[in-house]
Amino acid sequence: MESLLQHLERFSELLAVSRTTHVSPWDPATVRRALQWARYLRHVHSRFGRHVRIRTALERRLQKRWRQEGTSGSFPVPGLTNFQALGRCDLLLSLRLLENRALGDAAYHYLLQQLFPGPGVPDADEETLQGSLVRLARRRSAVHMLRFTGYGENSVLEDSVLKTQAELLLQRLREVPKAEGEGPSRFLSALWDRLPQNNFLKVIAAALLLPPSSPRPQGEELELGTPKTPGQGGQELVRWLLAKSDVMAAFCHNLPVGLLTSVAGRHPELSRAYLGLLTDWGRHLRYDLEKGTWVGAESQHASWEELYGRFQSLCQAPPPLKDEVLTALESCKAQDGDFQVPGLSIWTDLLLALGRGS
Amino acid sequence: MCAHCFLQCLAGPFSKMAQDSVGFSSDYQFWMQKLSVWDQASTLETQQDTCLHLPRFQEFLRQVYEVLKEMDSNTIIERFPTIGQLLAKTCWNPFILAFDESQKILIWCLCCLINKEPQNSEESKLNSWTRGLLSHILSAFRFDTKEVGLFTQGLGFAPADYCPGLLKNMVLSLVSELRENHLNGFNTQRRMVPEKIRFLSRVCIPLVTLPDIEPLVEALLIYHGHEPQEVLWPEFFDAVNEAFLLKKISLPISAVVCLWLRHLPSLEKATLHLFDKLISSQRNFLRRIECFLKDSLLPEAACHPAIFRIVDEMFRYALLETDGAPEVLAAIQVFTRCFVEALEKKNKQLKFTFKTYFPYASPSLVMMLLQHPKEIPQELWHQPLKHISEMLREMVEDQTHGSYGGPFECWFLFVHFGGWADIAAEQLVMSEAEPPEALLWLLAFSYSPRDRSLQRAQTMTEVKAVLGHLKKLFRSPTLSAKDLQAAAAESQARDPRPPLCQKLIRRLILNFLLWAPGGHVIAREVITLMAPTDELTHEMTGLLDQTLYRWDHLCMEAPKSRKLARELLEELCLAGTAC
C-alpha cells in the first residue's frame, strides 16, 4: 500500500514537471519510464476501482497533496485530483509531453513511436492510448465544425461554453478538500481574485441553473466535465455568494436581467438576497424635481432604468417568485407611507410603472 | 438467371468507383490540386466537394502512409518535396480531419517526418514545423475569448479534459433547438433557418460515425420543418445509411424509418445490402435469415406501408429475375413473418389497414392468409386451407376479371405466406383420407403457377396417384426403399413428369419419411436414391430446414419426426457442399 502511495506521489510530481522546461534533458529511456509509470497507475485504476479502501486511501493522498499546494500560496493547478483521473493519467501525461516544446527531438521521436504505433497493432486492452488520442482529435474537429453553425449568432456555442465551464467549476468544487468546512469558500474566493470576473459571474449563473441530475451509482466512470450531483455544488456556490456581499453586488449588477430572474426563481435564498439588494438600491435614489425622474446620489448607484428593468423581469416570473416580489414592493410602499401620488416614494412609482399600482 | 448472378448485376451501379490505378504520382498531383482548391472548406462548394471525396481521399492517405513509413525523414523530403504542403493542407481542412480515420492516418504520416537526430538547422526547422502541425491536430484548442481560456486553466483543466464535455453540450443544445423548432414551428423564439439546418446536415457528413454526434443525427432525421422541399443534404442521408448498414452508428427505428422515407436510394441500398446477405452462395438456414432480417430493421420499418411496398417491389423483381429461386422464396417468407410479427406488436397503434400493404389483393384472401395456424387446432387446418385454395382458384381461373392481377400476382401474394403450402403438403401425407382436390390444386399451383388448367390437372392426377401408393405403405411394417421407389415411379405410358412436378413429389416423399412410423429406417437410403446430385441434395437440405423452422414456430410436438429431420439435415450438411 505504502509503495503504491509513494508511486502516486512521484507520478504527480512527474506530471507537474512534464509541463515545464525541466523535460529538456529527458532521453527516450526517461520517456519510456514515465509512460510505464502512467500505465501502471492506470492499471491500478482499473483493478481497484471497486475496492473502496484502496480507492479512498489514494484519494486522500491526492487531496492532501492538493491542500499542501494550496496553503503554500501558489494557486493549485492540480494534475490528478481524484481517483477517477488515474484512469486517464497516461493520456494527461502524453498530451503534456506532446505539447511541450522543450522536449528534445530524440525523446519526442520515441514518444511518437510509443503513442502511435501504426495500424495492425493488437490491443492489449480495448481502449488504447492511440485510440483515445485520435478520438480526442476527432472530437476537437467536431467542436470546430459545429462552432460555425451560428451563421453569425453564436448563441449555441456561447451557451455550451458557459455550461461546460459551469460543469467544470462544480466538478472542482466537489473535489475540494472538505476536511475544513472552509475549503470550498476559500477556493471560490481565490478564483474570484485571480480570474476574469465578468466571465466568472456568468459561469456561476450557468452553474446555478444547471438541471439537477439523478445520483449515479458509485464507481461508474464518467467523462470529466459531467458533474455527478450538481445540486451539491450549487449549494456551496449559493452559500459563498450570500457570504460575499461584494460578489453578490457585482453578480446582481452585471448580469443580464433575465438571467438573474431565472437564478432567483431556482434559488429562494438568492431571491431574498437579490430583493434585499434591490430595495437597498431603491433607497439610494432621490427624486429630481427638475428632471422629473429618480436619480442616484452618486454615479455608482443603480439608475431608475436598471431598477425598473429588474423588477419588471421579476414580475414576469412564475408564481412563487412573482408574488414574493410584489409583496416586498407593497410592504416597502407601506413603510414609506403608502403614497398614491408619484414622486414621493420610489416604491409607489415602481408599482405604478409596473402597472400594479392601486 | 440464378440468384447469385442477379445480385452481381444489381451490385453494378452501386459499387464503389473503381480505384484509378494510374499510379501514385498522378494520384498525388490530383489530390494536391484538390486540396488547394478546397483550402479550409469554408464555402458551400468546397464543403460539398470535400464531402464527396472523403472516402477516396482517406484511401489515398493510407497509400501515402504505406510509402512514407519505409523511408526516413530526409529521404521523404528528397522524394516528395511538397509532402509538407500536402499534409499541412490536409490538417487545415476540418472536414477531412473530422472524417472516420483520416486524422489517425494523417498523424501517422506526420510521425514519419520527425527526425530523431536533426543534423542541421533545416532538419530542426522541419521537426519544429511538424510538431506544430501535430499539436494543431491533437491539442491546440483556442477559444475566441481569452477569458474562457484563463478560466479553464485557472481551474487546472486542459482542453483534453473538457473537449468531450463541450461537444456533448453543443450537441445537446443543437438537438433541443431542433426539437423545439420541430414541435412548435412558428412559435419558437429562435427559429432555425433552413440554411442552418442544411449546414448542420453537411457538417454531420464526416462526423456520422462519431458516437457523440448520434443524438444530432437522430434529431436531424426526425426533424421536418415547414418547407415543402427536403431541407437536408442528400449526401447526408447517404452517409448515415452507409454508416448504419456497416453498423458504425446505432439509430432508433423511428430515425431509420425517417431516413428511408425521406431518401429512397437509402432504402433501396439497405434492401440490396440485405439481399446480399441472404442470397449469398452459401446456404443460409432460415433461423439465420430471420436474424439478418430483424437486424436490418427492414421488417419493422415495413410497418410503414410506403416502405413495405418498395421492399416488396424489390422482392417481386428479384423473384421474376431469378425465376422463383428458392432462396428468394425463403427470404420473402421469413420477411413476411417478421413483418407480421412487428405489425402485431404495434397492434395497439395500428394505423393502416391491410389493404394499404396489399392493395392488389382481395382483402378476404389476405385476412385468410394472415391467420395463425397456431391459433387453429391442427385437426381443423384443412378448413382454412380449403378456403384459401378455393379463393385462389377462383381468382386464377377467372380470366374475365383482371382485378386481382392475374396468376402471377396471386401466386406472389400466396408465396408471402408460403407456410400454408408446406402445411398442405404435410396434411396430404399424414391424413388417411382421400386427398381433397382443393389441397392438390393448392400445391400444384404453388409449385407451378404458370401451368395451364390441363397441365395442372395432370399434375394433380399424378400426385393423387403417388399419394394413393404412399397411403398404402404408411403403416406397412415391412417398408423398404424399393417400395417407395415404386410408389414414386413414373408411369412409362405417359409423358415424363415436368421437373416442378417431380419436385413436388420429392417433397411428399420426404414428408412421408418424416411421418411414417417406419420412415426413419429407410430414410437415408431413400434420400440417396432421390437426391444423387448436389443440386438435389441442396433442395433436400432446404426442405428439411424449412420443415424444422416451421415446426419450431408452430410449436409442434413431434419428437420422433423432429429427431429424424434434424439428423438427416446434419448428415446432408456434413456430407455435401450444400451447406
# chains A, B, ... in the order shown; residues from 1 in each chain; ligands from 1
call {"tool": "residues_around", "arguments": {"residues": "Ser25 of chain B", "least_positions_apart": "5", "cutoff": "12 Å", "atoms": "only C-alpha atoms", "output": "PyMOL selection string"}}
result
chain B and resi 20+30-32+60+63-64+67+79-80+82-83
call {"tool": "write_last_selection", "arguments": {"atoms": "N, CA and C atoms", "output": "short mmCIF file (atom, residue, chain, number, x, y, z; two decimals), in the first residue's frame"}}
result
data_model
loop_
_atom_site.label_atom_id
_atom_site.label_comp_id
_atom_site.auth_asym_id
_atom_site.auth_seq_id
_atom_site.Cartn_x
_atom_site.Cartn_y
_atom_site.Cartn_z
N ASP B 20 -8.72 4.41 -59.53
CA ASP B 20 -7.88 4.63 -60.71
C ASP B 20 -6.48 4.21 -60.37
N PHE B 30 -3.18 14.88 -58.39
CA PHE B 30 -4.63 15.09 -58.36
C PHE B 30 -5.08 15.62 -57.01
N TRP B 31 -4.64 14.95 -55.95
CA TRP B 31 -5.10 15.35 -54.63
C TRP B 31 -4.50 16.67 -54.17
N MET B 32 -3.30 16.92 -54.61
CA MET B 32 -2.67 18.19 -54.28
C MET B 32 -3.52 19.34 -54.83
N PHE B 60 -6.28 7.29 -50.20
CA PHE B 60 -5.02 7.85 -50.68
C PHE B 60 -4.07 8.11 -49.53
N GLN B 63 -2.35 5.08 -48.59
CA GLN B 63 -1.27 4.76 -49.52
C GLN B 63 -0.05 5.60 -49.21
N VAL B 64 -0.29 6.86 -48.94
CA VAL B 64 0.83 7.75 -48.61
C VAL B 64 1.59 7.21 -47.41
N VAL B 67 3.80 4.33 -48.17
CA VAL B 67 5.04 4.73 -48.83
C VAL B 67 6.00 5.39 -47.85
N ARG B 79 12.35 12.73 -51.91
CA ARG B 79 11.44 12.11 -52.89
C ARG B 79 10.19 12.97 -53.10
N PHE B 80 9.66 13.51 -52.01
CA PHE B 80 8.41 14.27 -52.09
C PHE B 80 8.59 15.64 -51.48
N THR B 82 7.08 18.31 -51.84
CA THR B 82 5.87 19.05 -51.48
C THR B 82 5.00 18.32 -50.45
N ILE B 83 5.57 17.28 -49.85
CA ILE B 83 4.76 16.49 -48.92
C ILE B 83 4.27 17.35 -47.75
#
call {"tool": "residues_around", "arguments": {"residues": "His520 of chain B", "least_positions_apart": "4", "cutoff": "12 Å", "atoms": "only C-alpha atoms", "output": "ChimeraX atom specification"}}
result
/B:479-481,510-516,524-527,560-568
call {"tool": "closest_atom_pairs", "arguments": {"of": "chain B", "to": "chain A", "cutoff": "6 Å", "atoms": "only C-alpha atoms", "output": "Markdown table"}}
result
| residue | atom | partner | partner_atom | distance |
| --- | --- | --- | --- | --- |
| B:Ala98 | CA | A:Arg138 | CA | 5.3 |
| B:Lys104 | CA | A:Val134 | CA | 5.8 |
| B:Lys116 | CA | A:Ala106 | CA | 4.4 |
| B:Ile137 | CA | A:Ala137 | CA | 5.8 |
| B:Leu138 | CA | A:Ala137 | CA | 5.0 |
| B:Gly156 | CA | A:Val77 | CA | 4.5 |
| B:Asp161 | CA | A:Leu224 | CA | 5.9 |
| B:Tyr162 | CA | A:Gly225 | CA | 5.8 |
| B:Gly165 | CA | A:Gly225 | CA | 5.4 |
| B:Leu166 | CA | A:Thr164 | CA | 5.5 |
| B:Leu167 | CA | A:Val143 | CA | 5.7 |
| B:Asn169 | CA | A:Ser160 | CA | 5.2 |
| B:Met170 | CA | A:Ser160 | CA | 5.3 |
call {"tool": "write_last_selection", "arguments": {"atoms": "all heavy atoms", "output": "JSON list (two decimals), in the first residue's frame"}}
result
[["chain", "number", "residue", "atom", "x", "y", "z"],
["B", 98, "ALA", "N", -12.21, 15.57, -39.57],
["B", 98, "ALA", "CA", -13.33, 15.01, -38.81],
["B", 98, "ALA", "C", -13.74, 13.63, -39.30],
["B", 98, "ALA", "O", -14.46, 12.91, -38.61],
["B", 98, "ALA", "CB", -14.52, 15.95, -38.89],
["B", 104, "LYS", "N", -6.23, 9.95, -37.92],
["B", 104, "LYS", "CA", -5.26, 8.97, -37.41],
["B", 104, "LYS", "C", -4.15, 8.73, -38.44],
["B", 104, "LYS", "O", -2.97, 8.75, -38.12],
["B", 104, "LYS", "CB", -5.99, 7.66, -37.11],
["B", 104, "LYS", "CG", -5.10, 6.60, -36.50],
["B", 104, "LYS", "CD", -5.89, 5.53, -35.78],
["B", 104, "LYS", "CE", -6.64, 4.62, -36.70],
["B", 104, "LYS", "NZ", -7.26, 3.49, -35.99],
["B", 116, "LYS", "N", 14.80, 12.02, -35.59],
["B", 116, "LYS", "CA", 15.17, 11.92, -34.18],
["B", 116, "LYS", "C", 16.49, 12.57, -33.86],
["B", 116, "LYS", "O", 16.77, 12.90, -32.70],
["B", 116, "LYS", "CB", 15.11, 10.47, -33.69],
["B", 116, "LYS", "CG", 16.07, 9.53, -34.30],
["B", 116, "LYS", "CD", 15.86, 8.17, -33.63],
["B", 116, "LYS", "CE", 16.36, 7.07, -34.53],
["B", 116, "LYS", "NZ", 16.07, 5.75, -34.00],
["B", 137, "ILE", "N", -3.44, 19.27, -34.51],
["B", 137, "ILE", "CA", -4.44, 18.20, -34.61],
["B", 137, "ILE", "C", -4.85, 17.71, -33.23],
["B", 137, "ILE", "O", -6.02, 17.47, -32.96],
["B", 137, "ILE", "CB", -3.88, 17.00, -35.40],
["B", 137, "ILE", "CG1", -3.44, 17.41, -36.79],
["B", 137, "ILE", "CG2", -4.93, 15.91, -35.51],
["B", 137, "ILE", "CD1", -2.77, 16.28, -37.54],
["B", 138, "LEU", "N", -3.85, 17.55, -32.36],
["B", 138, "LEU", "CA", -4.13, 16.83, -31.12],
["B", 138, "LEU", "C", -4.55, 17.70, -29.96],
["B", 138, "LEU", "O", -5.36, 17.30, -29.15],
["B", 138, "LEU", "CB", -2.87, 16.06, -30.71],
["B", 138, "LEU", "CG", -2.63, 14.80, -31.51],
["B", 138, "LEU", "CD1", -1.23, 14.30, -31.28],
["B", 138, "LEU", "CD2", -3.64, 13.74, -31.10],
["B", 156, "GLY", "N", -7.39, 24.44, -13.61],
["B", 156, "GLY", "CA", -6.49, 23.31, -13.76],
["B", 156, "GLY", "C", -6.94, 22.31, -14.80],
["B", 156, "GLY", "O", -6.56, 21.14, -14.76],
["B", 161, "ASP", "N", -9.43, 17.77, -21.25],
["B", 161, "ASP", "CA", -10.37, 17.44, -20.19],
["B", 161, "ASP", "C", -11.78, 17.83, -20.54],
["B", 161, "ASP", "O", -12.73, 17.12, -20.26],
["B", 161, "ASP", "CB", -9.96, 18.14, -18.89],
["B", 161, "ASP", "CG", -8.61, 17.69, -18.40],
["B", 161, "ASP", "OD1", -8.32, 16.49, -18.53],
["B", 161, "ASP", "OD2", -7.84, 18.54, -17.92],
["B", 162, "TYR", "N", -11.92, 19.03, -21.11],
["B", 162, "TYR", "CA", -13.29, 19.50, -21.29],
["B", 162, "TYR", "C", -13.82, 19.38, -22.71],
["B", 162, "TYR", "O", -14.99, 19.63, -22.95],
["B", 162, "TYR", "CB", -13.44, 20.94, -20.82],
["B", 162, "TYR", "CG", -12.51, 21.93, -21.45],
["B", 162, "TYR", "CD1", -12.71, 22.37, -22.75],
["B", 162, "TYR", "CD2", -11.43, 22.42, -20.74],
["B", 162, "TYR", "CE1", -11.85, 23.28, -23.33],
["B", 162, "TYR", "CE2", -10.57, 23.34, -21.31],
["B", 162, "TYR", "CZ", -10.78, 23.77, -22.60],
["B", 162, "TYR", "OH", -9.93, 24.66, -23.16],
["B", 165, "GLY", "N", -16.84, 17.09, -22.95],
["B", 165, "GLY", "CA", -17.99, 17.70, -22.32],
["B", 165, "GLY", "C", -18.56, 18.83, -23.15],
["B", 165, "GLY", "O", -19.78, 18.99, -23.28],
["B", 166, "LEU", "N", -17.67, 19.63, -23.74],
["B", 166, "LEU", "CA", -18.12, 20.74, -24.57],
["B", 166, "LEU", "C", -18.88, 20.24, -25.79],
["B", 166, "LEU", "O", -19.94, 20.75, -26.14],
["B", 166, "LEU", "CB", -16.91, 21.58, -25.00],
["B", 166, "LEU", "CG", -17.21, 22.75, -25.93],
["B", 166, "LEU", "CD1", -18.17, 23.72, -25.27],
["B", 166, "LEU", "CD2", -15.92, 23.46, -26.31],
["B", 167, "LEU", "N", -18.34, 19.21, -26.40],
["B", 167, "LEU", "CA", -19.00, 18.64, -27.56],
["B", 167, "LEU", "C", -20.39, 18.13, -27.19],
["B", 167, "LEU", "O", -21.38, 18.37, -27.89],
["B", 167, "LEU", "CB", -18.16, 17.49, -28.14],
["B", 167, "LEU", "CG", -18.72, 16.81, -29.39],
["B", 167, "LEU", "CD1", -18.90, 17.80, -30.51],
["B", 167, "LEU", "CD2", -17.78, 15.68, -29.84],
["B", 169, "ASN", "N", -22.29, 19.17, -24.80],
["B", 169, "ASN", "CA", -23.19, 20.29, -24.57],
["B", 169, "ASN", "C", -23.63, 20.96, -25.86],
["B", 169, "ASN", "O", -24.78, 21.36, -26.01],
["B", 169, "ASN", "CB", -22.53, 21.33, -23.65],
["B", 169, "ASN", "CG", -22.51, 20.86, -22.23],
["B", 169, "ASN", "OD1", -23.34, 20.06, -21.82],
["B", 169, "ASN", "ND2", -21.56, 21.34, -21.45],
["B", 170, "MET", "N", -22.72, 21.06, -26.81],
["B", 170, "MET", "CA", -23.08, 21.67, -28.09],
["B", 170, "MET", "C", -24.12, 20.82, -28.80],
["B", 170, "MET", "O", -25.10, 21.34, -29.35],
["B", 170, "MET", "CB", -21.85, 21.82, -28.98],
["B", 170, "MET", "CG", -20.93, 22.92, -28.52],
["B", 170, "MET", "SD", -19.39, 22.94, -29.44],
["B", 170, "MET", "CE", -19.87, 23.88, -30.86]]
call {"tool": "residues_around", "arguments": {"residues": "Ser362 of chain B", "least_positions_apart": "3", "cutoff": "12 Å", "atoms": "only C-alpha atoms", "output": "list of chain:residue names"}}
result
B:Phe354, B:Lys355, B:Thr356, B:Tyr357, B:Phe358, B:Pro359, B:Leu365, B:Val366, B:Met367, B:Met368, B:Leu369, B:Ile388, B:Met391, B:Leu392, B:Glu394, B:Met395, B:Gly402, B:Ser403, B:Tyr404, B:Gly405, B:Gly406, B:Glu409, B:Cys410, B:Leu413, B:Phe414
call {"tool": "atom_distance", "arguments": {"atom1": "atom CA of Ser185 of chain A", "atom2": "atom CA of Glu236 of chain A"}}
result
7.6 Å
call {"tool": "residues_around", "arguments": {"residues": "Glu2 of chain A", "least_positions_apart": "6", "cutoff": "12 Å", "atoms": "only C-alpha atoms", "output": "NGL selection string"}}
result
:A and (8-9 or 54 or 57-58 or 61)
call {"tool": "closest_residue", "arguments": {"among": "A:Leu201, A:Ala243, A:Ala297, A:Val257", "to": "Glu147 of chain B", "atoms": "only C-alpha atoms"}}
result
A:Leu201
call {"tool": "atom_distance", "arguments": {"atom1": "atom CA of Arg506 of chain B", "atom2": "atom CA of Arg450 of chain B"}}
result
19.8 Å
call {"tool": "residues_around", "arguments": {"residues": "Asp295 of chain B", "least_positions_apart": "6", "cutoff": "10 Å", "atoms": "only C-alpha atoms", "output": "PyMOL selection string"}}
result
chain B and resi 245+274+289
call {"tool": "residues_around", "arguments": {"residues": "Leu320 of chain B", "least_positions_apart": "6", "cutoff": "10 Å", "atoms": "only C-alpha atoms", "output": "ChimeraX atom specification"}}
result
/B:1,314,328,408,412
call {"tool": "write_last_selection", "arguments": {"atoms": "N, CA and C atoms", "output": "PDB file, in the first residue's frame"}}
result
ATOM      1  N   MET B   1     -32.103 -16.269 -64.599  1.00  0.00           N
ATOM      2  CA  MET B   1     -30.722 -16.362 -64.090  1.00  0.00           C
ATOM      3  C   MET B   1     -30.742 -16.759 -62.629  1.00  0.00           C
ATOM      4  N   MET B 314     -39.122  -4.795 -54.634  1.00  0.00           N
ATOM      5  CA  MET B 314     -37.790  -5.320 -54.904  1.00  0.00           C
ATOM      6  C   MET B 314     -37.763  -6.836 -54.798  1.00  0.00           C
ATOM      7  N   VAL B 328     -34.804 -16.833 -52.748  1.00  0.00           N
ATOM      8  CA  VAL B 328     -35.641 -15.632 -52.719  1.00  0.00           C
ATOM      9  C   VAL B 328     -36.988 -15.943 -52.094  1.00  0.00           C
ATOM     10  N   PHE B 408     -49.812 -14.478 -61.684  1.00  0.00           N
ATOM     11  CA  PHE B 408     -48.563 -14.183 -61.010  1.00  0.00           C
ATOM     12  C   PHE B 408     -48.791 -13.422 -59.715  1.00  0.00           C
ATOM     13  N   PHE B 412     -47.692 -14.548 -56.179  1.00  0.00           N
ATOM     14  CA  PHE B 412     -46.759 -13.731 -55.409  1.00  0.00           C
ATOM     15  C   PHE B 412     -47.312 -13.449 -54.012  1.00  0.00           C
TER      16      PHE B 412
END
call {"tool": "select_by_dssp", "arguments": {"residues": "segment 68-169 of chain B", "states": "helix (DSSP H, G or I)", "output": "ChimeraX atom specification"}}
result
/B:68,73-79,83-91,94-98,102-113,121-138,146-154,159-169
call {"tool": "atom_distance", "arguments": {"atom1": "atom CA of Cys112 of chain B", "atom2": "atom CA of Lys69 of chain B"}}
result
6.1 Å
call {"tool": "residues_around", "arguments": {"residues": "Arg283 of chain A", "least_positions_apart": "4", "cutoff": "9 Å", "atoms": "only C-alpha atoms", "output": "list of chain:residue names"}}
result
A:Leu278, A:Thr279, A:Ile346
call {"tool": "write_last_selection", "arguments": {"atoms": "N, CA and C atoms", "output": "PDB file, in the first residue's frame"}}
result
ATOM      1  N   LEU A 278     -31.925  44.953  -4.156  1.00  0.00           N
ATOM      2  CA  LEU A 278     -32.703  45.874  -4.975  1.00  0.00           C
ATOM      3  C   LEU A 278     -33.368  46.942  -4.113  1.00  0.00           C
ATOM      4  N   THR A 279     -33.905  46.524  -2.981  1.00  0.00           N
ATOM      5  CA  THR A 279     -34.527  47.529  -2.103  1.00  0.00           C
ATOM      6  C   THR A 279     -33.472  48.506  -1.620  1.00  0.00           C
ATOM      7  N   ILE A 346     -40.286  55.936  -4.065  1.00  0.00           N
ATOM      8  CA  ILE A 346     -39.857  55.200  -5.255  1.00  0.00           C
ATOM      9  C   ILE A 346     -40.683  53.937  -5.435  1.00  0.00           C
TER      10      ILE A 346
END
call {"tool": "closest_residue", "arguments": {"among": "B:Glu327, B:Asp422, B:Glu321, B:Glu268", "to": "Asn284 of chain B", "atoms": "only C-alpha atoms"}}
result
B:Glu327
call {"tool": "decode", "arguments": {"residues": "segment 200-217 of chain B", "atoms": "N, CA, C and O atoms", "output": "tab-separated table (two decimals), in the first residue's frame"}}
result
chain	number	residue	atom	x	y	z
B	200	LEU	N	-25.97	22.15	-40.98
B	200	LEU	CA	-25.75	21.12	-39.96
B	200	LEU	C	-25.66	19.74	-40.59
B	200	LEU	O	-24.82	18.92	-40.22
B	201	SER	N	-26.56	19.49	-41.56
B	201	SER	CA	-26.53	18.15	-42.15
B	201	SER	C	-25.23	17.95	-42.93
B	201	SER	O	-24.68	16.86	-42.96
B	202	ARG	N	-24.72	19.02	-43.51
B	202	ARG	CA	-23.46	18.91	-44.24
B	202	ARG	C	-22.32	18.63	-43.28
B	202	ARG	O	-21.46	17.80	-43.53
B	203	VAL	N	-22.33	19.36	-42.19
B	203	VAL	CA	-21.26	19.21	-41.21
B	203	VAL	C	-21.26	17.82	-40.61
B	203	VAL	O	-20.22	17.28	-40.25
B	204	CYS	N	-22.42	17.22	-40.52
B	204	CYS	CA	-22.50	15.88	-39.93
B	204	CYS	C	-21.96	14.78	-40.83
B	204	CYS	O	-21.69	13.69	-40.36
B	205	ILE	N	-21.82	15.08	-42.12
B	205	ILE	CA	-21.42	14.00	-43.03
B	205	ILE	C	-20.11	13.34	-42.62
B	205	ILE	O	-20.04	12.13	-42.49
B	206	PRO	N	-19.03	14.10	-42.40
B	206	PRO	CA	-17.81	13.40	-41.99
B	206	PRO	C	-17.90	12.85	-40.57
B	206	PRO	O	-17.18	11.92	-40.23
B	207	LEU	N	-18.81	13.42	-39.76
B	207	LEU	CA	-18.84	13.05	-38.35
B	207	LEU	C	-19.79	11.92	-38.03
B	207	LEU	O	-19.93	11.54	-36.87
B	208	VAL	N	-20.42	11.39	-39.04
B	208	VAL	CA	-21.52	10.44	-38.83
B	208	VAL	C	-21.14	9.25	-37.95
B	208	VAL	O	-21.97	8.74	-37.20
B	209	THR	N	-19.90	8.80	-38.00
B	209	THR	CA	-19.56	7.62	-37.21
B	209	THR	C	-19.01	7.97	-35.84
B	209	THR	O	-18.56	7.09	-35.10
B	210	LEU	N	-19.03	9.25	-35.46
B	210	LEU	CA	-18.57	9.62	-34.13
B	210	LEU	C	-19.74	9.48	-33.16
B	210	LEU	O	-20.76	10.13	-33.33
B	211	PRO	N	-19.63	8.64	-32.16
B	211	PRO	CA	-20.79	8.36	-31.29
B	211	PRO	C	-21.39	9.61	-30.64
B	211	PRO	O	-22.60	9.67	-30.44
B	212	ASP	N	-20.55	10.62	-30.36
B	212	ASP	CA	-21.08	11.81	-29.69
B	212	ASP	C	-22.11	12.53	-30.55
B	212	ASP	O	-22.93	13.28	-30.05
B	213	ILE	N	-22.03	12.34	-31.86
B	213	ILE	CA	-22.88	13.08	-32.79
B	213	ILE	C	-24.21	12.37	-33.02
B	213	ILE	O	-25.14	12.94	-33.58
B	214	GLU	N	-24.32	11.13	-32.56
B	214	GLU	CA	-25.55	10.36	-32.81
B	214	GLU	C	-26.84	11.11	-32.47
B	214	GLU	O	-27.77	11.10	-33.27
B	215	PRO	N	-26.93	11.77	-31.29
B	215	PRO	CA	-28.19	12.46	-30.98
B	215	PRO	C	-28.53	13.52	-32.03
B	215	PRO	O	-29.70	13.72	-32.35
B	216	LEU	N	-27.49	14.18	-32.54
B	216	LEU	CA	-27.74	15.23	-33.53
B	216	LEU	C	-28.24	14.62	-34.84
B	216	LEU	O	-29.16	15.12	-35.47
B	217	VAL	N	-27.62	13.52	-35.25
B	217	VAL	CA	-28.04	12.84	-36.47
B	217	VAL	C	-29.49	12.41	-36.34
B	217	VAL	O	-30.31	12.61	-37.24
